[in-house]
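Below is my_file22.txt, which holds compact mmCIF, C-alpha atoms.
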```
# COMPACT_ATOMS: atom_id res chain seq x y z
CA MET O 1 -16.49 17.10 -16.52
CA PRO O 2 -13.16 15.75 -15.16
CA SER O 3 -11.81 12.48 -16.51
CA LEU O 4 -12.14 9.36 -14.41
CA THR O 5 -8.36 9.26 -13.93
CA LYS O 6 -8.28 12.80 -12.53
CA LEU O 7 -11.28 12.10 -10.33
CA VAL O 8 -9.63 9.01 -8.86
CA ALA O 9 -6.41 10.99 -8.30
CA ARG O 10 -8.33 13.67 -6.42
CA LEU O 11 -10.08 11.06 -4.30
CA LYS O 12 -6.72 9.51 -3.44
CA MET O 13 -5.49 12.89 -2.25
CA LEU O 14 -8.31 12.94 0.31
CA HIS O 15 -7.05 9.68 1.79
CA VAL O 16 -5.01 10.36 4.91
CA PRO O 17 -2.04 7.98 5.08
CA ASP O 18 -1.68 5.74 8.11
CA SER O 19 1.05 7.36 10.18
CA ARG O 20 1.76 4.05 11.90
CA ASP O 21 3.15 2.58 8.68
CA LYS O 22 6.49 4.38 8.61
CA SER O 23 8.22 1.74 6.52
CA LYS O 24 6.02 2.42 3.48
CA VAL O 25 7.43 4.00 0.30
CA TYR O 26 5.91 4.62 -3.11
CA VAL O 27 7.47 3.13 -6.23
CA VAL O 28 6.66 5.53 -9.08
CA TYR O 29 6.40 4.51 -12.76
CA ALA O 30 5.98 6.66 -15.87
CA LYS O 31 4.59 5.09 -19.04
CA GLN O 32 5.90 7.16 -21.94
CA ARG O 33 7.00 7.06 -25.56
CA SER O 34 10.39 5.39 -25.75
CA PRO O 35 13.48 7.19 -27.06
CA PHE O 36 14.89 3.76 -28.00
CA ALA O 37 14.11 2.29 -31.43
CA SER O 38 13.63 -1.22 -30.06
CA LEU O 39 10.84 -0.17 -27.66
CA GLU O 40 7.50 1.39 -28.64
CA TYR O 41 6.93 2.62 -25.10
CA MET O 42 8.61 2.22 -21.76
CA GLU O 43 7.42 2.35 -18.19
CA PRO O 44 10.51 2.69 -16.01
CA ILE O 45 10.63 3.23 -12.29
CA ILE O 46 11.25 6.97 -12.23
CA ALA O 47 11.36 7.45 -8.46
CA VAL O 48 10.83 5.99 -5.03
CA MET O 49 9.07 8.52 -2.81
CA ALA O 50 8.65 8.72 0.96
CA ASN O 51 5.09 10.06 0.73
CA GLU O 52 2.18 9.99 -1.66
CA ARG O 53 1.97 13.78 -1.88
CA ASN O 54 5.26 13.76 -3.83
CA CYS O 55 3.81 11.17 -6.23
CA TYR O 56 0.94 13.51 -7.07
CA ALA O 57 3.45 16.30 -7.61
CA LEU O 58 5.30 14.12 -10.15
CA GLN O 59 2.00 13.40 -11.89
CA GLU O 60 1.48 17.15 -12.30
CA MET O 61 5.11 17.77 -13.28
CA TYR O 62 5.10 15.20 -16.13
CA PRO O 63 1.71 15.49 -17.87
CA ASP O 64 3.01 13.76 -21.04
CA ALA O 65 3.85 10.61 -19.10
CA GLU O 66 1.31 8.30 -17.51
CA VAL O 67 2.61 8.52 -13.94
CA SER O 68 1.41 5.85 -11.52
CA TRP O 69 2.67 4.38 -8.27
CA GLU O 70 2.25 1.61 -5.78
CA ALA O 71 2.83 1.56 -2.05
CA ARG O 72 5.43 -0.94 -0.88
CA ARG O 73 6.71 -1.83 2.56
CA VAL O 74 10.48 -1.80 3.06
CA GLN O 75 11.17 -5.29 4.39
CA ASP O 76 13.91 -4.64 6.94
CA ALA O 77 13.00 -1.11 8.03
CA GLY O 78 11.44 -2.01 11.38
CA ASP O 79 9.94 1.17 12.85
CA SER O 80 12.27 3.46 10.89
CA ALA O 81 10.57 6.15 8.83
CA MET O 82 11.71 6.35 5.23
CA THR O 83 13.19 9.76 4.44
CA GLU O 84 14.43 11.62 1.38
CA ALA O 85 17.94 10.61 0.24
CA GLU O 86 17.76 7.22 2.00
CA ILE O 87 19.32 4.37 0.00
CA LEU O 88 17.06 1.38 -0.71
CA TYR O 89 17.57 -1.89 -2.59
CA LEU O 90 14.86 -3.22 -4.88
CA THR O 91 14.98 -6.85 -5.97
CA HIS O 92 13.82 -7.93 -9.44
CA THR O 93 13.45 -11.37 -11.00
CA THR O 94 13.97 -10.11 -14.55
CA LEU O 95 15.77 -7.13 -16.03
CA LEU O 96 16.21 -6.57 -19.73
CA PRO O 97 18.96 -4.42 -21.26
CA TYR O 98 17.64 -1.54 -23.36
CA ASP O 99 20.84 -0.10 -24.78
CA MET O 100 24.62 -0.45 -24.80
CA ASP O 101 27.17 1.90 -23.25
CA ALA O 102 30.26 3.22 -25.07
CA ASN O 103 32.15 0.00 -24.19
CA GLY O 104 29.43 -2.30 -25.52
CA ASN O 105 28.13 -3.26 -22.07
CA PRO O 106 24.36 -3.61 -21.65
CA ILE O 107 22.56 -0.80 -19.81
CA TYR O 108 19.81 -2.02 -17.51
CA GLY O 109 17.12 -0.18 -15.62
CA VAL O 110 14.55 0.94 -18.16
CA MET O 111 12.05 -1.80 -18.73
CA GLU O 112 8.77 -2.06 -20.54
CA SER O 113 6.97 -3.31 -17.43
CA PRO O 114 9.21 -3.39 -14.34
CA ILE O 115 7.99 -5.44 -11.41
CA PRO O 116 10.17 -5.06 -8.34
CA GLU O 117 9.72 -7.96 -5.99
CA ALA O 118 10.74 -6.38 -2.66
CA LEU O 119 12.55 -3.40 -1.10
CA TYR O 120 15.22 -3.45 1.60
CA CYS O 121 17.23 -0.89 3.59
CA SER O 122 20.27 -3.13 3.76
CA ARG O 123 22.13 -4.57 0.80
CA GLU O 124 23.21 -7.51 2.95
CA THR O 125 19.60 -8.34 3.83
CA ALA O 126 18.52 -8.02 0.19
CA GLU O 127 21.31 -10.36 -0.92
CA ARG O 128 20.49 -12.86 1.83
CA GLU O 129 16.70 -12.81 1.26
CA ALA O 130 16.85 -12.76 -2.55
CA PRO O 131 20.20 -14.26 -3.58
CA ASP O 132 19.07 -15.13 -7.12
CA ARG O 133 17.53 -11.70 -7.85
CA TYR O 134 18.87 -8.59 -9.51
CA LEU O 135 19.62 -5.73 -7.11
CA HIS O 136 18.59 -2.21 -8.01
CA VAL O 137 19.88 0.55 -5.73
CA VAL O 138 17.79 3.75 -5.52
CA ARG O 139 17.82 6.92 -3.47
CA VAL O 140 14.45 7.96 -2.03
CA GLY O 141 13.33 11.20 -3.67
CA GLN O 142 15.60 10.95 -6.72
CA VAL O 143 13.72 11.34 -10.02
CA ASN O 144 14.80 10.33 -13.54
CA LEU O 145 12.34 9.79 -16.41
CA LEU O 146 14.72 7.30 -18.05
CA GLY O 147 14.87 5.15 -14.93
CA VAL O 148 16.12 5.90 -11.47
CA GLY O 149 18.95 4.19 -9.64
CA GLU O 150 21.55 1.70 -10.72
CA ILE O 151 21.53 -2.04 -11.27
CA LEU O 152 24.27 -3.70 -9.21
CA GLU O 153 26.35 -6.57 -10.53
```

Rewrite the coordinates I just gave you, this time as structure tokens.
Amino acid sequence: MPSLTKLVARLKMLHVPDSRDKSKVYVVYAKQRSPFASLEYMEPIIAVMANERNCYALQEMYPDAEVSWEARRVQDAGDSAMTEAEILYLTHTTLLPYDMDANGNPIYGVMESPIPEALYCSRETAEREAPDRYLHVVRVGQVNLLGVGEILE
């Protein structure tokens, strides 16, 4: 008998996405054992996908990680469809460093429980709408188990 998680995943696959909502993307997380001594586990944002089918593919590709995702609307996209390789800006209220680079600077991006607040197509709009937030630039379709994208200063 299939597990409840797999059953729910299969049921989700039967759901036909609303083609009218072009500005929707999927923020993908992967809960996994941490390679960093200070963290027992981590759940970074490993991708932002243009469609849910690609999220299911990541779930199959990384069976050792607990891959999950949430649909989010890109705030300033208008009627534009989100496509692979498009640059988006996520805003976060809190980011914690998880390691240091060779120069002793903190490395951000992998968090125990990331919670992006909003997504934008334009950096200018993101900075205007969320001036006191951290900006995280990502490319739609890019995947990295240690955390996708880059935190901007």

Query - Selection: 9 Å around O:Asn51, all atoms listed in the file, excl. self and same-chain fewer than 6 positions, as a list in words - result: Pro17, Lys24, Val25, Tyr26, Met82 and Thr83 of chain O

Report summary line: atom CA of O:Pro116 sits from atom CA of O:Thr93 at a separation of 7.6 Å

Is it possible to get the axis-aligned box enclosing stretch 70-82 of chain O (all listed atoms, 5 Å extra per side) as AutoDock Vina command-line options, with centre and edge lengths in Å rounded to one decimal?
```
--center_x 8.1 --center_y 0.5 --center_z 3.5 --size_x 21.7 --size_y 21.6 --size_z 28.6
```

Requested in this report: Give me, please, the distance in Å between atom CA of O:Ala71 and atom CA of O:Val27, quoted to one decimal.
Outcome: 6.4 Å

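Of the residues under consideration (O:Ala126, O:Ala47, O:Leu88, O:Ala37), O:Ala47 shows the shortest atom-to-atom contact distance to O:Leu146 when counting all atoms listed in the file.
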
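Going from atom CA of O:Gly141 to atom CA of O:Glu117 covers 19.6 Å.
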
Query raised in the report: So which residues fall inside 12 Å of (7.6, 15.8, -12.4) if we count only C-alpha atoms? Mind giving them as number ranges by chain?
Result: O: 28-30, 46-47, 54-68, 141-145
